[in-house]
file start-v7.cif (mmCIF, C-alpha atoms)
data_input
loop_
_atom_site.group_PDB
_atom_site.id
_atom_site.type_symbol
_atom_site.label_atom_id
_atom_site.label_comp_id
_atom_site.auth_asym_id
_atom_site.auth_seq_id
_atom_site.Cartn_x
_atom_site.Cartn_y
_atom_site.Cartn_z
ATOM 1 C CA MET A 1 -19.465 36.424 -19.329
ATOM 2 C CA ASN A 2 -17.404 33.939 -17.337
ATOM 3 C CA ARG A 3 -17.909 30.842 -19.499
ATOM 4 C CA LEU A 4 -16.834 28.276 -16.898
ATOM 5 C CA ARG A 5 -19.003 29.877 -14.235
ATOM 6 C CA ALA A 6 -21.932 29.947 -16.637
ATOM 7 C CA MET A 7 -21.404 26.250 -17.330
ATOM 8 C CA GLU A 8 -21.322 25.535 -13.594
ATOM 9 C CA VAL A 9 -24.608 27.396 -13.140
ATOM 10 C CA PHE A 10 -26.154 25.582 -16.110
ATOM 11 C CA VAL A 11 -25.097 22.159 -14.791
ATOM 12 C CA ALA A 12 -26.337 22.980 -11.281
ATOM 13 C CA THR A 13 -29.685 24.091 -12.720
ATOM 14 C CA CYS A 14 -30.056 20.875 -14.712
ATOM 15 C CA GLU A 15 -29.167 18.705 -11.732
ATOM 16 C CA ALA A 16 -31.274 20.630 -9.205
ATOM 17 C CA GLY A 17 -34.294 20.959 -11.509
ATOM 18 C CA SER A 18 -35.102 24.620 -10.946
ATOM 19 C CA PHE A 19 -33.537 28.065 -10.707
ATOM 20 C CA ALA A 20 -34.447 28.292 -7.017
ATOM 21 C CA ALA A 21 -32.867 24.945 -6.129
ATOM 22 C CA ALA A 22 -29.743 25.786 -8.142
ATOM 23 C CA ALA A 23 -29.529 29.191 -6.461
ATOM 24 C CA ASN A 24 -29.644 27.529 -3.055
ATOM 25 C CA ARG A 25 -26.858 25.145 -4.043
ATOM 26 C CA LEU A 26 -24.692 27.896 -5.518
ATOM 27 C CA GLU A 27 -25.481 30.459 -2.802
ATOM 28 C CA MET A 28 -26.709 33.097 -5.236
ATOM 29 C CA SER A 29 -30.110 34.574 -6.095
ATOM 30 C CA PRO A 30 -32.529 32.832 -8.498
ATOM 31 C CA GLN A 31 -32.414 36.007 -10.597
ATOM 32 C CA MET A 32 -28.644 35.658 -10.978
ATOM 33 C CA VAL A 33 -29.049 32.006 -12.008
ATOM 34 C CA ALA A 34 -31.609 33.021 -14.624
ATOM 35 C CA ARG A 35 -29.240 35.739 -15.877
ATOM 36 C CA TYR A 36 -26.382 33.265 -16.334
ATOM 37 C CA ILE A 37 -28.630 30.883 -18.275
ATOM 38 C CA ALA A 38 -29.994 33.689 -20.452
ATOM 39 C CA ASP A 39 -26.490 34.993 -21.203
ATOM 40 C CA LEU A 40 -25.307 31.489 -22.051
ATOM 41 C CA GLU A 41 -28.233 30.897 -24.422
ATOM 42 C CA ALA A 42 -27.658 34.294 -26.024
ATOM 43 C CA HIS A 43 -23.984 33.485 -26.542
ATOM 44 C CA LEU A 44 -24.784 30.086 -28.074
ATOM 45 C CA GLN A 45 -27.888 31.361 -29.894
ATOM 46 C CA VAL A 46 -29.888 28.278 -28.898
ATOM 47 C CA ARG A 47 -32.439 27.441 -26.243
ATOM 48 C CA LEU A 48 -30.948 25.065 -23.669
ATOM 49 C CA LEU A 49 -33.910 24.837 -21.290
ATOM 50 C CA ASN A 50 -37.664 24.758 -21.745
ATOM 51 C CA ARG A 51 -39.010 26.796 -18.844
ATOM 52 C CA THR A 52 -42.263 26.342 -16.947
ATOM 53 C CA THR A 53 -43.463 28.144 -13.843
ATOM 54 C CA ARG A 54 -42.032 25.458 -11.573
ATOM 55 C CA ARG A 55 -39.384 23.506 -13.455
ATOM 56 C CA GLN A 56 -36.930 23.607 -16.328
ATOM 57 C CA ASN A 57 -36.453 20.748 -18.791
ATOM 58 C CA LEU A 58 -33.524 20.277 -21.138
ATOM 59 C CA THR A 59 -34.005 20.680 -24.846
ATOM 60 C CA GLU A 60 -32.383 18.133 -27.132
ATOM 61 C CA ILE A 61 -29.390 20.393 -27.785
ATOM 62 C CA GLY A 62 -29.379 21.295 -24.104
ATOM 63 C CA ARG A 63 -28.911 17.634 -23.164
ATOM 64 C CA ALA A 64 -25.906 17.315 -25.483
ATOM 65 C CA TYR A 65 -24.448 20.569 -24.164
ATOM 66 C CA PHE A 66 -24.989 19.431 -20.562
ATOM 67 C CA ASP A 67 -22.979 16.252 -21.197
ATOM 68 C CA ARG A 68 -20.096 18.250 -22.670
ATOM 69 C CA CYS A 69 -20.197 20.761 -19.806
ATOM 70 C CA ILE A 70 -19.758 17.914 -17.328
ATOM 71 C CA ALA A 71 -16.625 16.801 -19.169
ATOM 72 C CA VAL A 72 -15.238 20.357 -19.501
ATOM 73 C CA LEU A 73 -15.752 21.151 -15.818
ATOM 74 C CA ALA A 74 -14.130 17.866 -14.811
ATOM 75 C CA GLU A 75 -11.086 18.668 -16.942
ATOM 76 C CA ALA A 76 -10.905 22.172 -15.475
ATOM 77 C CA LYS A 77 -10.884 20.725 -11.967
ATOM 78 C CA ALA A 78 -8.204 18.243 -13.002
ATOM 79 C CA ALA A 79 -6.090 21.104 -14.366
ATOM 80 C CA ASP A 80 -6.449 22.999 -11.088
ATOM 81 C CA ALA A 81 -5.473 19.851 -9.193
ATOM 82 C CA ILE A 82 -2.277 19.452 -11.211
ATOM 83 C CA VAL A 83 -1.200 22.961 -10.191
ATOM 84 C CA LEU A 84 -2.081 22.334 -6.555
ATOM 85 C CA GLU A 85 -0.183 19.058 -6.603
ATOM 86 C CA THR A 86 3.060 20.865 -7.395
ATOM 87 C CA ARG A 87 3.014 21.572 -3.682
ATOM 88 C CA GLY A 88 3.371 17.837 -3.091
ATOM 89 C CA GLN A 89 -0.147 17.133 -1.819
ATOM 90 C CA PRO A 90 -2.970 15.351 -3.638
ATOM 91 C CA ALA A 91 -5.804 17.767 -4.319
ATOM 92 C CA GLY A 92 -9.068 18.047 -6.188
ATOM 93 C CA ALA A 93 -12.233 16.014 -6.738
ATOM 94 C CA LEU A 94 -11.879 12.305 -7.454
ATOM 95 C CA LYS A 95 -14.696 10.427 -9.186
ATOM 96 C CA VAL A 96 -14.915 6.801 -8.058
ATOM 97 C CA SER A 97 -17.377 4.042 -8.957
ATOM 98 C CA ALA A 98 -18.036 0.826 -7.013
ATOM 99 C CA PRO A 99 -20.689 -1.899 -6.748
ATOM 100 C CA GLN A 100 -23.459 -0.929 -4.368
ATOM 101 C CA ASN A 101 -23.018 -3.509 -1.611
ATOM 102 C CA PHE A 102 -19.219 -3.511 -1.613
ATOM 103 C CA GLY A 103 -19.168 0.289 -1.702
ATOM 104 C CA GLY A 104 -21.617 0.683 1.144
ATOM 105 C CA GLN A 105 -19.886 -1.816 3.413
ATOM 106 C CA SER A 106 -16.269 -2.774 2.746
ATOM 107 C CA LEU A 107 -15.192 0.317 0.795
ATOM 108 C CA MET A 108 -16.580 3.085 2.989
ATOM 109 C CA PRO A 109 -14.046 2.748 5.865
ATOM 110 C CA PHE A 110 -11.226 2.916 3.301
ATOM 111 C CA VAL A 111 -12.692 6.013 1.636
ATOM 112 C CA THR A 112 -13.096 7.885 4.918
ATOM 113 C CA ASP A 113 -9.549 6.947 5.960
ATOM 114 C CA PHE A 114 -8.222 8.202 2.623
ATOM 115 C CA LEU A 115 -10.046 11.524 2.943
ATOM 116 C CA THR A 116 -8.726 11.946 6.481
ATOM 117 C CA ASP A 117 -5.166 11.364 5.259
ATOM 118 C CA HIS A 118 -5.585 13.708 2.258
ATOM 119 C CA PRO A 119 -7.542 16.799 3.360
ATOM 120 C CA LEU A 120 -7.302 18.569 -0.036
ATOM 121 C CA VAL A 121 -9.077 15.698 -1.854
ATOM 122 C CA SER A 122 -12.819 15.239 -2.206
ATOM 123 C CA ILE A 123 -14.470 12.064 -3.529
ATOM 124 C CA ASP A 124 -17.643 11.683 -5.571
ATOM 125 C CA LEU A 125 -18.512 8.018 -4.961
ATOM 126 C CA ASP A 126 -21.065 6.506 -7.326
ATOM 127 C CA LEU A 127 -22.449 3.238 -5.977
ATOM 128 C CA THR A 128 -24.165 1.308 -8.733
ATOM 129 C CA ASP A 129 -24.490 -2.258 -9.952
ATOM 130 C CA ARG A 130 -24.858 -1.323 -13.611
ATOM 131 C CA PHE A 131 -21.954 -1.594 -16.033
ATOM 132 C CA VAL A 132 -20.033 1.702 -15.921
ATOM 133 C CA ASP A 133 -18.221 3.114 -18.955
ATOM 134 C CA LEU A 134 -15.261 4.820 -17.293
ATOM 135 C CA ILE A 135 -14.197 6.861 -20.308
ATOM 136 C CA ALA A 136 -17.657 8.090 -21.322
ATOM 137 C CA GLU A 137 -18.718 8.910 -17.760
ATOM 138 C CA GLY A 138 -15.479 10.486 -16.585
ATOM 139 C CA ILE A 139 -14.865 7.890 -13.877
ATOM 140 C CA GLU A 140 -11.257 8.060 -12.669
ATOM 141 C CA VAL A 141 -11.171 4.842 -10.626
ATOM 142 C CA ALA A 142 -13.632 1.951 -10.535
ATOM 143 C CA PHE A 143 -13.861 -1.144 -8.372
ATOM 144 C CA ARG A 144 -15.356 -4.088 -10.221
ATOM 145 C CA ILE A 145 -16.515 -7.437 -8.848
ATOM 146 C CA GLY A 146 -16.669 -10.337 -11.291
ATOM 147 C CA GLU A 147 -14.944 -10.569 -14.629
ATOM 148 C CA PRO A 148 -13.581 -7.088 -15.442
ATOM 149 C CA LYS A 149 -14.275 -7.394 -19.193
ATOM 150 C CA VAL A 150 -11.275 -5.349 -20.301
ATOM 151 C CA ASP A 151 -9.809 -6.255 -23.694
ATOM 152 C CA THR A 152 -6.175 -5.770 -24.654
ATOM 153 C CA SER A 153 -6.990 -2.829 -26.919
ATOM 154 C CA SER A 154 -8.651 -0.900 -24.108
ATOM 155 C CA SER A 155 -7.170 2.299 -22.689
ATOM 156 C CA LEU A 156 -8.010 0.999 -19.216
ATOM 157 C CA VAL A 157 -5.516 -0.403 -16.745
ATOM 158 C CA MET A 158 -6.547 -3.253 -14.434
ATOM 159 C CA ARG A 159 -5.106 -4.150 -11.035
ATOM 160 C CA SER A 160 -6.209 -7.406 -9.419
ATOM 161 C CA LEU A 161 -7.396 -7.256 -5.828
ATOM 162 C CA ASN A 162 -8.278 -9.910 -3.272
ATOM 163 C CA PRO A 163 -11.293 -12.007 -4.277
ATOM 164 C CA TYR A 164 -14.628 -10.859 -2.901
ATOM 165 C CA ARG A 165 -15.518 -13.676 -0.521
ATOM 166 C CA LEU A 166 -19.018 -14.488 0.668
ATOM 167 C CA ILE A 167 -20.341 -16.406 3.680
ATOM 168 C CA ALA A 168 -23.579 -18.390 3.893
ATOM 169 C CA CYS A 169 -25.570 -17.858 7.085
ATOM 170 C CA ALA A 170 -29.071 -18.037 8.503
ATOM 171 C CA ALA A 171 -31.058 -17.186 11.603
ATOM 172 C CA PRO A 172 -31.218 -19.955 14.235
ATOM 173 C CA ALA A 173 -35.028 -19.873 13.990
ATOM 174 C CA TYR A 174 -34.896 -20.694 10.284
ATOM 175 C CA LEU A 175 -32.530 -23.612 10.840
ATOM 176 C CA ARG A 176 -34.659 -25.013 13.687
ATOM 177 C CA ALA A 177 -37.735 -24.923 11.450
ATOM 178 C CA ASN A 178 -36.106 -26.159 8.234
ATOM 179 C CA GLY A 179 -33.038 -28.127 9.274
ATOM 180 C CA THR A 180 -29.346 -27.342 8.901
ATOM 181 C CA PRO A 181 -27.674 -28.116 5.551
ATOM 182 C CA GLN A 182 -24.766 -30.547 5.875
ATOM 183 C CA THR A 183 -23.502 -30.325 2.282
ATOM 184 C CA PRO A 184 -23.828 -27.695 -0.460
ATOM 185 C CA ALA A 185 -26.254 -29.995 -2.305
ATOM 186 C CA ASP A 186 -28.666 -29.664 0.637
ATOM 187 C CA LEU A 187 -29.127 -25.967 -0.190
ATOM 188 C CA ALA A 188 -31.272 -26.937 -3.173
ATOM 189 C CA GLU A 189 -34.036 -27.765 -0.678
ATOM 190 C CA HIS A 190 -33.795 -24.423 1.137
ATOM 191 C CA VAL A 191 -34.810 -20.827 0.576
ATOM 192 C CA CYS A 192 -31.601 -19.115 -0.594
ATOM 193 C CA MET A 193 -31.936 -15.416 -1.172
ATOM 194 C CA GLY A 194 -30.635 -14.243 -4.541
ATOM 195 C CA TYR A 195 -29.210 -10.800 -5.222
ATOM 196 C CA VAL A 196 -30.617 -8.839 -8.172
ATOM 197 C CA PHE A 197 -27.693 -7.265 -10.026
ATOM 198 C CA TRP A 198 -28.828 -4.372 -12.247
ATOM 199 C CA GLU A 199 -31.393 -5.924 -14.597
ATOM 200 C CA ARG A 200 -30.560 -9.595 -14.185
ATOM 201 C CA VAL A 201 -30.708 -12.070 -11.326
ATOM 202 C CA MET A 202 -27.321 -13.202 -10.117
ATOM 203 C CA ASP A 203 -26.098 -15.946 -7.815
ATOM 204 C CA LYS A 204 -28.444 -18.638 -9.119
ATOM 205 C CA GLN A 205 -25.511 -20.982 -8.655
ATOM 206 C CA TRP A 206 -23.435 -20.896 -5.480
ATOM 207 C CA ILE A 207 -20.053 -22.609 -5.664
ATOM 208 C CA PHE A 208 -18.467 -23.862 -2.451
ATOM 209 C CA THR A 209 -15.022 -25.432 -2.232
ATOM 210 C CA ARG A 210 -13.188 -27.730 0.144
ATOM 211 C CA ASP A 211 -9.699 -29.167 -0.266
ATOM 212 C CA GLY A 212 -9.565 -27.804 -3.802
ATOM 213 C CA VAL A 213 -12.800 -29.515 -4.884
ATOM 214 C CA ALA A 214 -15.685 -27.360 -6.143
ATOM 215 C CA TYR A 215 -19.269 -28.065 -5.050
ATOM 216 C CA PRO A 216 -21.704 -26.051 -7.209
ATOM 217 C CA VAL A 217 -25.377 -25.964 -6.274
ATOM 218 C CA SER A 218 -28.348 -24.307 -7.969
ATOM 219 C CA VAL A 219 -30.382 -22.205 -5.564
ATOM 220 C CA GLY A 220 -33.565 -20.209 -5.753
ATOM 221 C CA SER A 221 -35.872 -17.986 -3.764
ATOM 222 C CA ARG A 222 -39.190 -16.203 -4.080
ATOM 223 C CA LEU A 223 -37.435 -13.108 -2.700
ATOM 224 C CA ARG A 224 -34.817 -11.315 -4.785
ATOM 225 C CA VAL A 225 -33.607 -7.960 -3.510
ATOM 226 C CA ASN A 226 -31.059 -5.537 -4.973
ATOM 227 C CA ASP A 227 -30.014 -4.235 -1.554
ATOM 228 C CA ALA A 228 -27.770 -6.104 0.876
ATOM 229 C CA GLY A 229 -29.268 -4.425 3.930
ATOM 230 C CA ALA A 230 -32.749 -5.565 2.935
ATOM 231 C CA GLN A 231 -31.447 -9.092 2.389
ATOM 232 C CA LEU A 232 -29.858 -9.036 5.819
ATOM 233 C CA ASN A 233 -33.123 -7.969 7.435
ATOM 234 C CA ALA A 234 -34.949 -10.796 5.671
ATOM 235 C CA ALA A 235 -32.391 -13.294 6.963
ATOM 236 C CA LEU A 236 -32.697 -11.891 10.499
ATOM 237 C CA CYS A 237 -36.455 -12.413 10.222
ATOM 238 C CA GLY A 238 -35.770 -16.097 9.551
ATOM 239 C CA PHE A 239 -36.877 -16.087 5.929
ATOM 240 C CA GLY A 240 -33.995 -18.073 4.459
ATOM 241 C CA ILE A 241 -30.285 -18.610 3.948
ATOM 242 C CA LEU A 242 -28.272 -15.528 3.082
ATOM 243 C CA LEU A 243 -25.035 -15.341 1.113
ATOM 244 C CA ALA A 244 -23.279 -12.088 1.979
ATOM 245 C CA ALA A 245 -19.950 -10.371 2.516
ATOM 246 C CA GLU A 246 -18.381 -10.878 5.922
ATOM 247 C CA ASP A 247 -18.260 -7.126 6.599
ATOM 248 C CA LEU A 248 -22.034 -6.924 6.339
ATOM 249 C CA ILE A 249 -22.926 -9.869 8.543
ATOM 250 C CA ALA A 250 -20.063 -9.721 11.095
ATOM 251 C CA PRO A 251 -22.126 -7.941 13.804
ATOM 252 C CA SER A 252 -25.013 -10.406 13.386
ATOM 253 C CA LEU A 253 -22.627 -13.377 13.542
ATOM 254 C CA ALA A 254 -20.965 -11.973 16.657
ATOM 255 C CA SER A 255 -24.310 -11.505 18.425
ATOM 256 C CA GLY A 256 -25.638 -14.918 17.382
ATOM 257 C CA ALA A 257 -28.533 -13.405 15.441
ATOM 258 C CA LEU A 258 -27.106 -15.273 12.448
ATOM 259 C CA VAL A 259 -24.989 -18.417 12.386
ATOM 260 C CA PRO A 260 -22.709 -19.711 9.600
ATOM 261 C CA VAL A 261 -24.032 -22.415 7.311
ATOM 262 C CA LEU A 262 -21.622 -25.059 5.948
ATOM 263 C CA PRO A 263 -18.670 -23.712 7.974
ATOM 264 C CA SER A 264 -16.409 -26.572 6.831
ATOM 265 C CA PHE A 265 -16.661 -25.335 3.225
ATOM 266 C CA ASP A 266 -15.195 -22.175 1.730
ATOM 267 C CA GLY A 267 -17.942 -19.919 0.496
ATOM 268 C CA PRO A 268 -18.209 -18.581 -3.047
ATOM 269 C CA SER A 269 -15.850 -15.840 -4.156
ATOM 270 C CA LYS A 270 -15.630 -13.549 -7.147
ATOM 271 C CA PRO A 271 -12.609 -11.836 -8.687
ATOM 272 C CA MET A 272 -12.287 -8.183 -7.757
ATOM 273 C CA SER A 273 -10.271 -5.599 -9.651
ATOM 274 C CA LEU A 274 -9.435 -1.923 -9.812
ATOM 275 C CA LEU A 275 -9.812 -0.177 -13.185
ATOM 276 C CA TYR A 276 -8.649 3.254 -14.253
ATOM 277 C CA PRO A 277 -7.888 5.090 -17.517
ATOM 278 C CA ALA A 278 -4.147 5.075 -18.177
ATOM 279 C CA ASP A 279 -3.977 8.841 -18.694
ATOM 280 C CA ARG A 280 -5.464 9.533 -15.251
ATOM 281 C CA LEU A 281 -2.184 8.555 -13.611
ATOM 282 C CA ARG A 282 -0.896 12.023 -14.401
ATOM 283 C CA THR A 283 -2.625 13.340 -11.261
ATOM 284 C CA LEU A 284 -1.226 12.693 -7.809
ATOM 285 C CA LYS A 285 -4.674 12.196 -6.255
ATOM 286 C CA VAL A 286 -5.364 9.218 -8.550
ATOM 287 C CA ARG A 287 -1.946 7.663 -7.987
ATOM 288 C CA ARG A 288 -2.275 7.959 -4.216
ATOM 289 C CA PHE A 289 -5.799 6.530 -4.253
ATOM 290 C CA ILE A 290 -4.771 3.557 -6.369
ATOM 291 C CA ASP A 291 -1.726 2.843 -4.208
ATOM 292 C CA ALA A 292 -3.815 3.012 -1.038
ATOM 293 C CA ALA A 293 -6.579 0.822 -2.508
ATOM 294 C CA VAL A 294 -4.111 -1.838 -3.656
ATOM 295 C CA GLU A 295 -2.473 -1.848 -0.223
ATOM 296 C CA ARG A 296 -5.842 -2.203 1.543
ATOM 297 C CA PHE A 297 -7.535 -4.721 -0.760
ATOM 298 C CA ALA A 298 -4.734 -6.619 -2.513
#
call {"tool": "encode", "arguments": {"input": "start-v7.cif", "output": "structure tokens"}}
result
Amino acid sequence: MNRLRAMEVFVATCEAGSFAAAANRLEMSPQMVARYIADLEAHLQVRLLNRTTRRQNLTEIGRAYFDRCIAVLAEAKAADAIVLETRGQPAGALKVSAPQNFGGQSLMPFVTDFLTDHPLVSIDLDLTDRFVDLIAEGIEVAFRIGEPKVDTSSSLVMRSLNPYRLIACAAPAYLRANGTPQTPADLAEHVCMGYVFWERVMDKQWIFTRDGVAYPVSVGSRLRVNDAGAQLNAALCGFGILLAAEDLIAPSLASGALVPVLPSFDGPSKPMSLLYPADRLRTLKVRRFIDAAVERFA
């Protein structure tokens, strides 16, 4: 039995949810998938999957084995990449994590440019607003907005990037109906859409600056959405004042569908950083990605 191949089939089965779906992904027959799983269970002398007529569910030991298989397969790919990189080209799969809105807007052009420049590299990009444990989840590079929360004893390396700057804007119809704020304090009387970050509401306080002076204001809204595109649509409908990244709202600002609010003030910004495990620098793909990301965003 090819152990690595059996692990690949097992992982694909767990992720796809059935032998048939895994077979389609792996381009083999469902019978062959079932044979790999049976051989693996016979070798380990445990049941990894509880089978029904339509779906397979992991047993408790199967869940633990699945997690270890993910790590083993990732290390095997990294080992292959090291050999390929002796030819002087970055190669292999790169696992990257980024906040959802930043990843979907600002980061995506960079990622596609990087893949175009490095044809032997593939990227698994996980866009999520939850806190990601790089070591436990096998993440090789992570973009983080806000305080990075890396202590001095950590095995993670942090590189500071440009702050993540936000712009306040609204639809002309909203401003005609509700008035145009002249100072940050005026926002307290307006509908200001708040972004829901993982399981907690963020951006309850927006901090504007001008000439080095900070102007914090507490804002609120009856609409809190954890998707920037949905927020944008709400702003275009004239529901309220939106605080968003320039990349997201640039087309709407250019067309006049949205107009800046408080243009004489600098909008809020958050620190942005790049994190990666120190030992990952042994692979050329990671080093090239980090160098390119720092050049683009720092």
call {"tool": "resolve_selection", "arguments": {"input": "start-v7.cif", "expression": "the PyMOL selection byres ((chain A and resi 235) around 12)", "output": "PyMOL selection string"}}
result
chain A and resi 168-175+191-194+223+225+228-234+236-244+249+252-253+257-260
call {"tool": "atom_distance", "arguments": {"input": "start-v7.cif", "atom1": "CA of Val217 (chain A)", "atom2": "CA of Thr183 (chain A)"}}
result
9.8 Å
call {"tool": "resolve_selection", "arguments": {"input": "start-v7.cif", "expression": "the PyMOL selection byres ((chain A and resi 23) around 12)", "output": "VMD selection string"}}
result
chain A and resid 8 to 22 24 to 37
call {"tool": "atom_distance", "arguments": {"input": "start-v7.cif", "atom1": "CA of Leu166 (chain A)", "atom2": "CA of Glu140 (chain A)"}}
result
27.3 Å
call {"tool": "closest_residue", "arguments": {"input": "start-v7.cif", "among": "A:Gly92, A:Gly256, A:Gly104, A:Pro251", "to": "Leu284 (chain A)", "atoms": "all atoms listed in the file"}}
result
A:Gly92
call {"tool": "atom_distance", "arguments": {"input": "start-v7.cif", "atom1": "CA of Asp227 (chain A)", "atom2": "CA of Asp247 (chain A)"}}
result
14.6 Å
call {"tool": "residues_around", "arguments": {"input": "start-v7.cif", "residues": "Pro216 (chain A)", "least_positions_apart": "3", "cutoff": "9 Å", "atoms": "all atoms listed in the file", "output": "ChimeraX atom specification"}}
result
/A:184-185,205-209
call {"tool": "resolve_selection", "arguments": {"input": "start-v7.cif", "expression": "the PyMOL selection byres ((chain A and resi 68-75) around 12)", "output": "ChimeraX atom specification"}}
result
/A:3-12,14-15,61-67,76-82,92-95,124,135-140,280,283
call {"tool": "residues_around", "arguments": {"input": "start-v7.cif", "residues": "Ser97 (chain A)", "least_positions_apart": "5", "cutoff": "6 Å", "atoms": "all atoms listed in the file", "output": "ChimeraX atom specification"}}
result
/A:125-127,142
call {"tool": "closest_residue", "arguments": {"input": "start-v7.cif", "among": "A:Glu189, A:Val294, A:Asn2, A:Leu115", "to": "Met272 (chain A)", "atoms": "all atoms listed in the file"}}
result
A:Val294
call {"tool": "closest_residue", "arguments": {"input": "start-v7.cif", "among": "A:Val213, A:Ala42, A:Val286, A:Ala278", "to": "Phe265 (chain A)", "atoms": "only C-alpha atoms"}}
result
A:Val213
call {"tool": "decode", "arguments": {"input": "start-v7.cif", "residues": "region 104-118 of chain A", "atoms": "N, CA and C atoms", "output": "PDB file, in the first residue's frame"}}
result
ATOM      1  N   GLY A 104     -10.210  39.687  -0.403  1.00  0.00           N
ATOM      2  CA  GLY A 104     -11.054  39.704  -1.589  1.00  0.00           C
ATOM      3  C   GLY A 104     -10.853  40.911  -2.472  1.00  0.00           C
ATOM      4  N   GLN A 105     -10.341  41.997  -1.925  1.00  0.00           N
ATOM      5  CA  GLN A 105     -10.186  43.227  -2.694  1.00  0.00           C
ATOM      6  C   GLN A 105      -8.714  43.543  -2.955  1.00  0.00           C
ATOM      7  N   SER A 106      -8.023  44.042  -1.975  1.00  0.00           N
ATOM      8  CA  SER A 106      -6.663  44.552  -2.165  1.00  0.00           C
ATOM      9  C   SER A 106      -5.659  43.447  -2.474  1.00  0.00           C
ATOM     10  N   LEU A 107      -5.820  42.276  -1.860  1.00  0.00           N
ATOM     11  CA  LEU A 107      -4.806  41.229  -1.990  1.00  0.00           C
ATOM     12  C   LEU A 107      -4.895  40.464  -3.295  1.00  0.00           C
ATOM     13  N   MET A 108      -6.099  40.313  -3.838  1.00  0.00           N
ATOM     14  CA  MET A 108      -6.267  39.417  -4.986  1.00  0.00           C
ATOM     15  C   MET A 108      -5.438  39.828  -6.203  1.00  0.00           C
ATOM     16  N   PRO A 109      -5.344  41.107  -6.580  1.00  0.00           N
ATOM     17  CA  PRO A 109      -4.474  41.456  -7.713  1.00  0.00           C
ATOM     18  C   PRO A 109      -3.018  41.076  -7.471  1.00  0.00           C
ATOM     19  N   PHE A 110      -2.547  41.220  -6.226  1.00  0.00           N
ATOM     20  CA  PHE A 110      -1.171  40.822  -5.913  1.00  0.00           C
ATOM     21  C   PHE A 110      -0.992  39.320  -6.071  1.00  0.00           C
ATOM     22  N   VAL A 111      -1.945  38.535  -5.568  1.00  0.00           N
ATOM     23  CA  VAL A 111      -1.837  37.080  -5.647  1.00  0.00           C
ATOM     24  C   VAL A 111      -1.806  36.610  -7.101  1.00  0.00           C
ATOM     25  N   THR A 112      -2.678  37.148  -7.924  1.00  0.00           N
ATOM     26  CA  THR A 112      -2.694  36.723  -9.331  1.00  0.00           C
ATOM     27  C   THR A 112      -1.414  37.144 -10.049  1.00  0.00           C
ATOM     28  N   ASP A 113      -0.888  38.316  -9.720  1.00  0.00           N
ATOM     29  CA  ASP A 113       0.396  38.734 -10.308  1.00  0.00           C
ATOM     30  C   ASP A 113       1.513  37.782  -9.880  1.00  0.00           C
ATOM     31  N   PHE A 114       1.510  37.395  -8.617  1.00  0.00           N
ATOM     32  CA  PHE A 114       2.558  36.501  -8.114  1.00  0.00           C
ATOM     33  C   PHE A 114       2.488  35.145  -8.809  1.00  0.00           C
ATOM     34  N   LEU A 115       1.292  34.611  -8.984  1.00  0.00           N
ATOM     35  CA  LEU A 115       1.148  33.321  -9.651  1.00  0.00           C
ATOM     36  C   LEU A 115       1.564  33.403 -11.120  1.00  0.00           C
ATOM     37  N   THR A 116       1.292  34.532 -11.754  1.00  0.00           N
ATOM     38  CA  THR A 116       1.720  34.714 -13.140  1.00  0.00           C
ATOM     39  C   THR A 116       3.241  34.723 -13.236  1.00  0.00           C
ATOM     40  N   ASP A 117       3.889  35.371 -12.270  1.00  0.00           N
ATOM     41  CA  ASP A 117       5.355  35.460 -12.284  1.00  0.00           C
ATOM     42  C   ASP A 117       6.033  34.154 -11.868  1.00  0.00           C
ATOM     43  N   HIS A 118       5.302  33.277 -11.159  1.00  0.00           N
ATOM     44  CA  HIS A 118       5.894  32.042 -10.641  1.00  0.00           C
ATOM     45  C   HIS A 118       4.991  30.861 -11.019  1.00  0.00           C
TER      46      HIS A 118
END
